[in-house]
$ cat protein06.txt   # compact mmCIF, C-alpha atoms (C1' of nucleotides)
# COMPACT_ATOMS: atom_id res chain seq x y z
CA MET A 1239 37.84 -22.20 5.94
CA SER A 1240 35.09 -24.26 7.51
CA SER A 1241 35.17 -22.28 10.70
CA GLN A 1242 35.14 -19.04 8.76
CA VAL A 1243 31.64 -19.84 7.70
CA LEU A 1244 30.56 -20.05 11.27
CA ARG A 1245 31.16 -16.68 12.80
CA ALA A 1246 30.90 -13.06 11.99
CA GLN A 1247 34.14 -11.73 10.67
CA ALA A 1248 34.75 -8.26 9.45
CA PRO A 1249 32.84 -5.22 10.59
CA ALA A 1250 31.61 -5.04 7.02
CA VAL A 1251 29.61 -8.19 7.65
CA GLU A 1252 28.29 -6.80 10.88
CA ALA A 1253 27.21 -3.62 9.17
CA TRP A 1254 25.57 -5.58 6.40
CA ILE A 1255 23.51 -7.73 8.74
CA ASN A 1256 22.47 -4.76 10.80
CA LEU A 1257 21.55 -2.84 7.69
CA ILE A 1258 19.19 -5.59 6.61
CA ARG A 1259 17.70 -6.11 10.03
CA GLY A 1260 17.45 -2.43 10.82
CA HIS A 1261 15.85 -1.60 7.51
CA SER A 1262 13.35 -4.38 7.84
CA ALA A 1263 12.36 -3.37 11.35
CA ALA A 1264 12.14 0.33 10.62
CA VAL A 1265 10.25 -0.05 7.35
CA GLY A 1266 7.92 -2.57 8.90
CA ALA A 1267 7.03 -0.31 11.81
CA ILE A 1268 6.74 2.91 9.88
CA ASN A 1269 4.91 1.45 6.95
CA ALA A 1270 2.40 -0.17 9.27
CA ARG A 1271 1.59 3.19 10.80
CA LEU A 1272 1.30 4.89 7.46
CA VAL A 1273 -1.01 2.21 6.09
CA ALA A 1274 -3.13 2.08 9.22
CA ASP A 1275 -3.48 5.85 9.59
CA HIS A 1276 -3.75 6.92 5.97
CA GLY A 1277 -4.01 3.92 3.69
CA LEU A 1278 -0.73 4.84 2.05
CA THR A 1279 2.32 2.72 1.34
CA ILE A 1280 5.73 4.25 1.85
CA ASN A 1281 6.10 4.34 -1.89
CA ASP A 1282 2.69 5.94 -2.29
CA TYR A 1283 3.77 8.62 0.13
CA GLU A 1284 7.17 9.17 -1.40
CA CYS A 1285 5.63 9.35 -4.82
CA LEU A 1286 3.15 12.03 -3.78
CA LEU A 1287 5.96 13.86 -2.06
CA LEU A 1288 8.19 13.81 -5.11
CA LEU A 1289 5.37 15.14 -7.23
CA ALA A 1290 4.56 17.85 -4.71
CA ARG A 1291 8.15 19.03 -4.80
CA ALA A 1292 8.47 18.83 -8.56
CA GLU A 1293 8.07 21.76 -10.87
CA GLU A 1294 4.40 22.19 -11.76
CA ARG A 1295 3.78 19.18 -9.53
CA ARG A 1296 4.43 16.78 -12.32
CA MET A 1297 7.10 14.34 -13.39
CA ARG A 1298 7.85 11.90 -16.14
CA ARG A 1299 7.34 8.31 -15.15
CA VAL A 1300 10.93 7.47 -15.90
CA ASP A 1301 12.23 10.09 -13.50
CA LEU A 1302 9.78 8.98 -10.88
CA ALA A 1303 11.06 5.44 -11.27
CA GLU A 1304 14.62 6.51 -10.72
CA GLN A 1305 13.83 8.49 -7.60
CA LEU A 1306 11.67 5.77 -6.10
CA ILE A 1307 14.14 3.06 -7.06
CA LEU A 1308 11.51 1.17 -8.99
CA THR A 1309 11.38 -0.17 -12.51
CA ALA A 1310 9.21 1.46 -15.12
CA SER A 1311 6.56 -1.17 -14.68
CA GLY A 1312 6.61 -0.73 -10.95
CA VAL A 1313 5.84 2.93 -11.44
CA THR A 1314 3.03 2.20 -13.85
CA ARG A 1315 1.36 0.05 -11.23
CA LEU A 1316 2.04 2.38 -8.37
CA LEU A 1317 0.51 5.24 -10.33
CA ASP A 1318 -2.45 3.06 -11.32
CA GLY A 1319 -3.40 2.95 -7.68
CA LEU A 1320 -2.84 6.63 -7.06
CA GLU A 1321 -4.83 7.54 -10.17
CA LYS A 1322 -7.69 5.34 -9.06
CA GLU A 1323 -7.80 7.28 -5.81
CA GLY A 1324 -7.80 10.55 -7.69
CA TRP A 1325 -4.52 11.75 -6.22
CA VAL A 1326 -2.61 11.72 -9.48
CA ASP A 1327 -3.59 12.50 -13.05
CA ARG A 1328 -2.04 11.94 -16.43
CA ALA A 1329 -0.94 14.64 -18.79
CA ASN A 1330 0.64 14.46 -22.20
CA CYS A 1331 3.87 16.09 -23.15
CA ALA A 1332 3.60 18.46 -26.08
CA SER A 1333 7.15 18.04 -27.28
CA ASP A 1334 7.46 14.27 -26.93
CA ARG A 1335 4.42 12.14 -27.35
CA ARG A 1336 6.05 9.13 -25.77
CA VAL A 1337 5.97 10.67 -22.35
CA THR A 1338 3.02 10.78 -20.02
CA TYR A 1339 3.40 13.01 -17.03
CA ALA A 1340 2.14 12.04 -13.62
CA VAL A 1341 0.51 15.14 -12.16
CA LEU A 1342 -0.39 15.63 -8.52
CA THR A 1343 -4.02 16.66 -8.18
CA ASP A 1344 -5.32 19.01 -5.51
CA ASP A 1345 -6.81 16.00 -3.77
CA GLY A 1346 -3.42 14.36 -3.90
CA TYR A 1347 -1.81 17.39 -2.37
CA SER A 1348 -4.38 17.45 0.41
CA LYS A 1349 -3.87 13.77 1.05
CA LEU A 1350 -0.15 14.28 1.27
CA GLN A 1351 -0.53 17.11 3.72
CA GLU A 1352 -2.91 15.09 5.82
CA ALA A 1353 -0.54 12.15 5.89
CA SER A 1354 2.62 14.12 6.36
CA GLY A 1355 1.54 15.28 9.79
CA THR A 1356 1.58 11.92 11.50
CA HIS A 1357 4.07 10.31 9.17
CA VAL A 1358 6.86 12.76 9.79
CA ALA A 1359 6.08 12.66 13.49
CA ASP A 1360 6.20 8.85 13.52
CA LEU A 1361 9.45 8.95 11.64
CA ARG A 1362 11.03 11.34 14.05
CA THR A 1363 9.77 9.43 17.03
CA TYR A 1364 11.15 6.22 15.66
CA PHE A 1365 14.60 7.64 15.07
CA GLU A 1366 14.84 10.17 17.82
CA THR A 1367 14.03 7.69 20.55
CA ARG A 1368 16.99 5.67 19.35
CA TYR A 1369 19.57 8.29 18.48
CA SER A 1370 20.78 11.68 19.55
CA HIS A 1371 20.76 14.54 17.11
CA ASP A 1372 24.44 14.14 16.34
CA GLU A 1373 24.15 10.43 15.88
CA LEU A 1374 21.33 10.95 13.42
CA GLU A 1375 23.39 13.30 11.35
CA HIS A 1376 26.27 10.90 11.39
CA LEU A 1377 24.05 7.98 10.47
CA ALA A 1378 22.49 9.92 7.64
CA THR A 1379 25.90 10.86 6.31
CA LEU A 1380 27.20 7.32 6.44
CA LEU A 1381 24.12 5.84 4.82
CA GLY A 1382 24.24 8.49 2.17
CA ARG A 1383 27.44 7.00 0.87
CA LEU A 1384 25.95 3.62 0.08
CA PRO A 1385 24.11 4.19 -3.17
CA ASN A 1386 26.84 6.11 -4.89
CA ASP A 1387 27.87 4.79 -8.17
CA ALA A 1388 30.87 2.90 -6.92
CA ALA A 1389 28.23 0.25 -7.43
CA ASP A 1390 28.87 0.56 -11.13
CA SER A 1391 32.47 -0.36 -10.96
CA SER A 1392 31.68 -3.54 -9.07
CA ASP A 1393 28.67 -4.31 -11.23
CA CYS A 1394 30.48 -4.02 -14.49
CA SER A 1395 33.18 -6.38 -13.39
CA VAL A 1396 30.75 -9.24 -13.00
CA ASP A 1397 31.76 -10.87 -16.24
CA MET B 381 2.43 23.84 7.04
CA SER B 382 2.24 23.79 3.31
CA SER B 383 5.88 24.56 2.88
CA GLN B 384 6.82 22.00 5.49
CA VAL B 385 5.64 19.31 3.15
CA LEU B 386 8.04 20.49 0.56
CA ARG B 387 11.49 20.12 2.03
CA ALA B 388 13.51 17.82 4.16
CA GLN B 389 13.44 18.78 7.77
CA ALA B 390 14.97 16.92 10.64
CA PRO B 391 18.08 14.75 10.40
CA ALA B 392 15.73 11.88 11.24
CA VAL B 393 14.10 12.33 7.87
CA GLU B 394 17.45 12.47 6.18
CA ALA B 395 18.53 9.28 7.90
CA TRP B 396 15.27 7.61 6.95
CA ILE B 397 15.58 8.45 3.27
CA ASN B 398 19.20 7.40 3.17
CA LEU B 399 18.37 4.18 4.95
CA ILE B 400 15.84 3.27 2.30
CA ARG B 401 18.00 4.29 -0.61
CA GLY B 402 21.15 2.77 0.80
CA HIS B 403 19.48 -0.47 1.63
CA SER B 404 17.93 -0.73 -1.77
CA ALA B 405 21.20 -0.07 -3.54
CA ALA B 406 23.27 -2.39 -1.40
CA VAL B 407 20.77 -5.23 -1.41
CA GLY B 408 20.23 -4.86 -5.12
CA ALA B 409 23.94 -5.08 -5.88
CA ILE B 410 24.83 -7.82 -3.46
CA ASN B 411 21.77 -9.93 -4.09
CA ALA B 412 22.37 -9.79 -7.82
CA ARG B 413 25.85 -11.19 -7.34
CA LEU B 414 24.68 -13.90 -5.01
CA VAL B 415 21.92 -15.00 -7.35
CA ALA B 416 24.12 -14.87 -10.42
CA ASP B 417 27.05 -16.71 -8.85
CA HIS B 418 25.24 -19.24 -6.68
CA GLY B 419 21.52 -19.19 -7.34
CA LEU B 420 20.87 -18.09 -3.78
CA THR B 421 18.74 -15.28 -2.44
CA ILE B 422 20.04 -13.27 0.47
CA ASN B 423 17.44 -14.95 2.61
CA ASP B 424 18.43 -18.36 1.32
CA TYR B 425 21.99 -17.62 2.27
CA GLU B 426 21.19 -16.21 5.68
CA CYS B 427 18.97 -19.16 6.39
CA LEU B 428 21.70 -21.66 5.56
CA LEU B 429 24.12 -19.62 7.62
CA LEU B 430 21.85 -19.56 10.66
CA LEU B 431 21.41 -23.31 10.45
CA ALA B 432 25.14 -23.87 10.05
CA ARG B 433 25.78 -21.89 13.20
CA ALA B 434 23.00 -23.50 15.17
CA GLU B 435 23.50 -26.37 17.55
CA GLU B 436 23.32 -29.64 15.66
CA ARG B 437 22.77 -27.53 12.57
CA ARG B 438 19.06 -27.38 13.14
CA MET B 439 16.48 -24.83 14.24
CA ARG B 440 12.79 -24.58 14.86
CA ARG B 441 10.96 -22.76 12.15
CA VAL B 442 9.69 -20.16 14.57
CA ASP B 443 13.17 -19.23 15.66
CA LEU B 444 14.31 -19.10 12.08
CA ALA B 445 11.45 -16.74 11.31
CA GLU B 446 12.45 -14.41 14.08
CA GLN B 447 16.08 -14.28 13.02
CA LEU B 448 15.26 -13.76 9.37
CA ILE B 449 12.55 -11.24 10.13
CA LEU B 450 9.95 -13.21 8.28
CA THR B 451 6.55 -14.50 9.27
CA ALA B 452 5.97 -18.17 9.87
CA SER B 453 4.48 -18.55 6.43
CA GLY B 454 7.42 -16.82 4.86
CA VAL B 455 9.73 -19.36 6.47
CA THR B 456 7.60 -22.26 5.31
CA ARG B 457 7.96 -21.11 1.76
CA LEU B 458 11.62 -20.26 2.02
CA LEU B 459 12.35 -23.72 3.40
CA ASP B 460 10.21 -25.33 0.71
CA GLY B 461 12.73 -24.10 -1.81
CA LEU B 462 15.77 -25.11 0.20
CA GLU B 463 14.31 -28.57 0.83
CA LYS B 464 13.62 -29.01 -2.85
CA GLU B 465 17.29 -28.35 -3.52
CA GLY B 466 18.30 -30.84 -0.88
CA TRP B 467 20.07 -28.31 1.30
CA VAL B 468 17.70 -28.59 4.20
CA ASP B 469 15.78 -31.49 5.69
CA ARG B 470 12.95 -31.88 8.14
CA ALA B 471 13.22 -33.58 11.48
CA ASN B 472 10.66 -34.10 14.18
CA CYS B 473 11.07 -33.06 17.74
CA ALA B 474 10.75 -35.86 20.24
CA SER B 475 9.52 -33.74 23.10
CA ASP B 476 7.05 -31.57 21.19
CA ARG B 477 5.38 -33.01 18.19
CA ARG B 478 4.21 -29.65 16.95
CA VAL B 479 7.66 -28.58 15.98
CA THR B 480 9.45 -29.54 12.83
CA TYR B 481 13.13 -28.76 12.79
CA ALA B 482 14.84 -27.45 9.73
CA VAL B 483 18.15 -29.33 9.50
CA LEU B 484 21.08 -28.35 7.32
CA THR B 485 22.17 -31.26 5.17
CA ASP B 486 25.77 -31.93 4.18
CA ASP B 487 24.91 -30.70 0.72
CA GLY B 488 23.53 -27.56 2.28
CA TYR B 489 26.71 -27.05 4.23
CA SER B 490 28.79 -27.50 1.11
CA LYS B 491 26.62 -25.09 -0.77
CA LEU B 492 27.01 -22.53 1.97
CA GLN B 493 30.76 -22.89 1.98
CA GLU B 494 30.89 -22.57 -1.76
CA ALA B 495 28.76 -19.45 -1.68
CA SER B 496 30.38 -17.86 1.32
CA GLY B 497 33.67 -17.43 -0.51
CA THR B 498 32.52 -14.93 -3.07
CA HIS B 499 29.63 -13.59 -1.05
CA VAL B 500 31.67 -12.44 1.89
CA ALA B 501 34.26 -11.04 -0.46
CA ASP B 502 31.60 -9.12 -2.40
CA LEU B 503 30.18 -7.85 0.81
CA ARG B 504 33.47 -6.63 2.09
CA THR B 505 34.33 -5.04 -1.20
CA TYR B 506 31.04 -3.25 -1.30
CA PHE B 507 31.41 -1.82 2.17
CA GLU B 508 35.13 -1.40 2.44
CA THR B 509 35.39 0.65 -0.73
CA ARG B 510 32.95 3.07 0.86
CA TYR B 511 34.01 3.15 4.48
CA SER B 512 37.04 2.95 6.69
CA HIS B 513 37.30 0.26 9.31
CA ASP B 514 36.25 2.63 12.08
CA GLU B 515 33.35 3.96 10.10
CA LEU B 516 32.12 0.45 9.50
CA GLU B 517 32.16 -0.34 13.16
CA HIS B 518 30.36 2.84 13.92
CA LEU B 519 27.79 2.21 11.21
CA ALA B 520 27.21 -1.33 12.44
CA THR B 521 26.70 -0.08 15.97
CA LEU B 522 24.26 2.58 14.93
CA LEU B 523 22.25 0.29 12.69
CA GLY B 524 22.19 -2.32 15.40
CA ARG B 525 20.01 -0.05 17.46
CA LEU B 526 17.19 0.13 14.95
CA PRO B 527 15.38 -3.16 15.47
CA ASN B 528 15.41 -3.03 19.24
CA ASP B 529 12.16 -3.29 20.96
CA ALA B 530 11.78 0.37 21.58
CA ALA B 531 9.46 -0.42 18.69
CA ASP B 532 7.10 -1.94 21.21
CA SER B 533 6.56 1.21 23.16
CA SER B 534 5.69 3.12 20.02
CA ASP B 535 3.67 0.26 18.58
CA CYS B 536 1.51 -0.16 21.63
CA SER B 537 0.56 3.47 21.61
CA VAL B 538 -1.15 3.15 18.26
CA ASP B 539 -4.62 3.01 19.75
C1' DC C 1209 12.38 9.62 -47.28
C1' DC C 1210 14.02 4.85 -45.23
C1' DG C 1211 15.64 2.02 -42.00
C1' DC C 1212 18.02 1.58 -37.16
C1' DT C 1213 18.56 2.23 -32.71
C1' DA C 1214 17.19 4.28 -28.39
C1' DT C 1215 13.68 5.74 -25.21
C1' DA C 1216 8.84 6.05 -22.74
C1' DG C 1217 5.47 3.40 -21.33
C1' DT C 1218 2.27 -0.78 -20.73
C1' DT C 1219 1.15 -5.63 -20.01
C1' DG C 1220 1.38 -10.72 -18.74
C1' DA C 1221 3.61 -14.08 -16.02
C1' DG C 1222 5.75 -15.19 -11.97
C1' DG C 1223 8.33 -14.60 -7.35
C1' DA C 1224 8.45 -13.25 -2.51
C1' DC C 1225 6.03 -12.01 1.16
C1' DG C 1226 2.13 -10.95 4.74
C1' DC C 1227 -2.43 -11.77 6.61
C1' DA C 1228 -6.11 -14.57 8.06
C1' DA C 1229 -7.85 -18.95 8.69
C1' DG C 1230 -7.24 -23.48 9.93
C1' DC C 1231 -5.19 -27.85 12.05
C1' DA C 1232 -2.69 -30.40 15.46
C1' DA C 1233 -0.31 -30.73 19.73
C1' DT C 1234 0.66 -28.88 24.27
C1' DA C 1235 -0.21 -26.56 28.76
C1' DG C 1236 -3.09 -24.82 32.20
C1' DT C 1237 -7.37 -25.25 34.92
C1' DA C 1238 -10.71 -27.51 37.21
C1' DT D 1142 -11.08 -36.37 32.62
C1' DA D 1143 -12.81 -32.54 30.00
C1' DC D 1144 -12.34 -27.57 28.50
C1' DT D 1145 -9.83 -23.72 26.99
C1' DA D 1146 -5.91 -21.10 25.57
C1' DT D 1147 -1.58 -21.07 23.37
C1' DT D 1148 1.89 -22.41 20.21
C1' DG D 1149 3.99 -24.36 15.85
C1' DC D 1150 3.14 -24.83 11.34
C1' DT D 1151 0.75 -24.81 6.70
C1' DT D 1152 -2.34 -23.01 3.04
C1' DG D 1153 -5.28 -19.73 0.16
C1' DC D 1154 -5.45 -15.32 -1.28
C1' DG D 1155 -4.00 -10.66 -2.11
C1' DT D 1156 -0.18 -7.15 -2.72
C1' DC D 1157 3.87 -5.31 -4.54
C1' DC D 1158 7.36 -5.81 -7.30
C1' DT D 1159 10.49 -7.55 -11.35
C1' DC D 1160 11.50 -9.38 -15.92
C1' DA D 1161 10.65 -10.04 -20.64
C1' DA D 1162 8.00 -8.90 -24.49
C1' DC D 1163 5.56 -5.48 -26.95
C1' DT D 1164 3.87 -0.78 -28.89
C1' DA D 1165 4.68 3.81 -30.09
C1' DT D 1166 7.45 7.69 -30.68
C1' DA D 1167 11.89 10.08 -31.45
C1' DG D 1168 16.17 10.98 -33.68
C1' DC D 1169 20.02 9.72 -36.50
C1' DG D 1170 22.74 8.31 -40.79
C1' DG D 1171 22.36 7.54 -45.41

$ encode --input "protein06.txt" --output "structure tokens"
Amino acid sequence: MSSQVLRAQAPAVEAWINLIRGHSAAVGAINARLVADHGLTINDYECLLLLARAEERRMRRVDLAEQLILTASGVTRLLDGLEKEGWVDRANCASDRRVTYAVLTDDGYSKLQEASGTHVADLRTYFETRYSHDELEHLATLLGRLPNDAADSSDCSVD
Amino acid sequence: MSSQVLRAQAPAVEAWINLIRGHSAAVGAINARLVADHGLTINDYECLLLLARAEERRMRRVDLAEQLILTASGVTRLLDGLEKEGWVDRANCASDRRVTYAVLTDDGYSKLQEASGTHVADLRTYFETRYSHDELEHLATLLGRLPNDAADSSDCSVD
DNA sequence: CCGCTATAGTTGAGGACGCAAGCAATAGTA
DNA sequence: TACTATTGCTTGCGTCCTCAACTATAGCGG
């Protein structure tokens, strides 16, 4: 038991550690570039991107939160910043007055386009210097399995 | 150009998105368990673990920072908490009076052992319900390549 | 129509972290 | 010996995020 604490055991543990370290390194590097080059956080960027891809370039804050993996309050504050910059606007929903849409402005769309040039390039550089095309596809597939709701079954069994 | 903004392109982008999402989901789930069951953050746990594995159960704060992927100030604050709980102590270095070792106490070691039981089990459950043994090894190997200093070559080219 | 519960969103307090600045000790140079 | 650069560490401040509490609307059963 005592020696079990002291060394890596299953490959699951290895994967876990490398996931944390890898994520931290990659996010750190890529976010730094994005901030330095465009004054955007990764979440700023992803938020603009989600809006750009959304129908009529607008989304409910709740849906934005889910996609960005943030809480509702996180989204409120994220959008505060983007609104202040003029990249996002608010719009009311006719059929449900509780909802406030976040709408991508033309400025926001321009900003996204400007940023996407170097950001996507940085991204690709970061990954493609480390992996072959096939490895990237494999990695993406494996990572894609993590979020899936199997989480629920383990979460619900907590108590 | 305008349509390029709108859809996923290279597998690098796919991998990137899945890395962020997967990390967030996994860390969220596992951290929640660790906090609920033992009152420890992932970083708390990893810090105790590093110390337990270190020679004489002690490390310089700088080295701790590097392993945990934190800045020096982050480590100071992390250790503040662990010291307050009595899991870690300070010790001076005879040969270099600038350094203050972080030393795992017996209480800290006990705490780590207590926590490691459920934590490692949770970890393994989380990963092993999603992946086969071979997939886990492959995933660990791939992720292990992310942090490596290839970052330097791309970082230095910023300006 | 009247509660009741659920949902969308905001706000205040607080945690975790990085950055920049600062201090103390060491190492290198002369 | 004195002078400078570097290294280890801490502290103040700002950022980003969560949680808990709150408001406002919606929709349901009676």

$ residues_around --input "protein06.txt" --residues "range 1221-1228 of chain C" --least-positions-apart "2" --cutoff "12 Å" --atoms "only C-alpha atoms (C1' of nucleotides)" --output "ChimeraX atom specification"
/A:1266,1270 /B:421-424,449-458,461 /C:1219,1230 /D:1152-1162

$ atom_distance --input "protein06.txt" --atom1 "CA of Val442 in chain B" --atom2 "CA of Asn1269 in chain A"
23.4 Å

$ residues_near_point --input "protein06.txt" --point "(-0.9, 15.9, 10.2)" --cutoff "12 Å" --atoms "all atoms listed in the file" --output "PyMOL selection string"
(chain A and resi 1272+1275-1276+1348-1360) or (chain B and resi 381-382+384-385)

$ closest_residue --input "protein06.txt" --among "C:DA1232, C:DA1214, C:DC1209, C:DA1238" --to "DC1150 in chain D" --atoms "only C-alpha atoms (C1' of nucleotides)"
C:DA1232

$ residues_near_point --input "protein06.txt" --point "(1.0, 6.1, -29.7)" --cutoff "9 Å" --atoms "only C-alpha atoms (C1' of nucleotides)" --output "MDAnalysis selection string"
(chainID A and resid 1335:1336) or (chainID D and resid 1164:1166)

$ residues_around --input "protein06.txt" --residues "range 1168-1171 of chain D" --least-positions-apart "6" --cutoff "12 Å" --atoms "all atoms listed in the file" --output "PyMOL selection string"
(chain A and resi 1334) or (chain C and resi 1209-1215)

$ atom_distance --input "protein06.txt" --atom1 "CA of Glu1366 in chain A" --atom2 "CA of His513 in chain B"
26.0 Å

$ closest_residue --input "protein06.txt" --among "B:Ala432, B:Ala392, B:Ala471, B:Leu516" --to "Asp487 in chain B" --atoms "all atoms listed in the file"
B:Ala432

$ decode --input "protein06.txt" --residues "chain D" --atoms "C-alpha atoms (C1' of nucleotides)" --output "compact mmCIF listing (two decimals), in the first residue's frame"
# COMPACT_ATOMS: atom_id res chain seq x y z
C1' DT D 1142 37.19 43.81 -1.78
C1' DA D 1143 33.59 45.86 -4.49
C1' DC D 1144 30.23 45.51 -8.45
C1' DT D 1145 26.98 43.19 -11.19
C1' DA D 1146 24.07 39.51 -12.68
C1' DT D 1147 21.40 35.64 -11.46
C1' DT D 1148 18.52 32.83 -8.69
C1' DG D 1149 14.99 31.60 -5.04
C1' DC D 1150 11.21 33.25 -2.99
C1' DT D 1151 7.35 36.43 -1.50
C1' DT D 1152 3.80 40.06 -2.07
C1' DG D 1153 0.35 43.36 -4.30
C1' DC D 1154 -2.64 43.65 -7.83
C1' DG D 1155 -5.43 42.23 -11.67
C1' DT D 1156 -7.93 38.47 -14.30
C1' DC D 1157 -10.91 34.75 -14.91
C1' DC D 1158 -13.76 31.82 -13.07
C1' DT D 1159 -17.25 29.52 -9.63
C1' DC D 1160 -20.84 29.40 -6.13
C1' DA D 1161 -24.74 31.10 -3.83
C1' DA D 1162 -28.28 34.35 -3.68
C1' DC D 1163 -31.47 37.08 -6.14
C1' DT D 1164 -34.81 38.95 -9.90
C1' DA D 1165 -37.80 38.22 -13.60
C1' DT D 1166 -40.26 35.48 -16.68
C1' DA D 1167 -42.57 31.17 -18.16
C1' DG D 1168 -45.59 27.33 -17.73
C1' DC D 1169 -48.26 24.09 -15.12
C1' DG D 1170 -52.03 22.22 -11.95
C1' DG D 1171 -55.87 23.44 -9.54
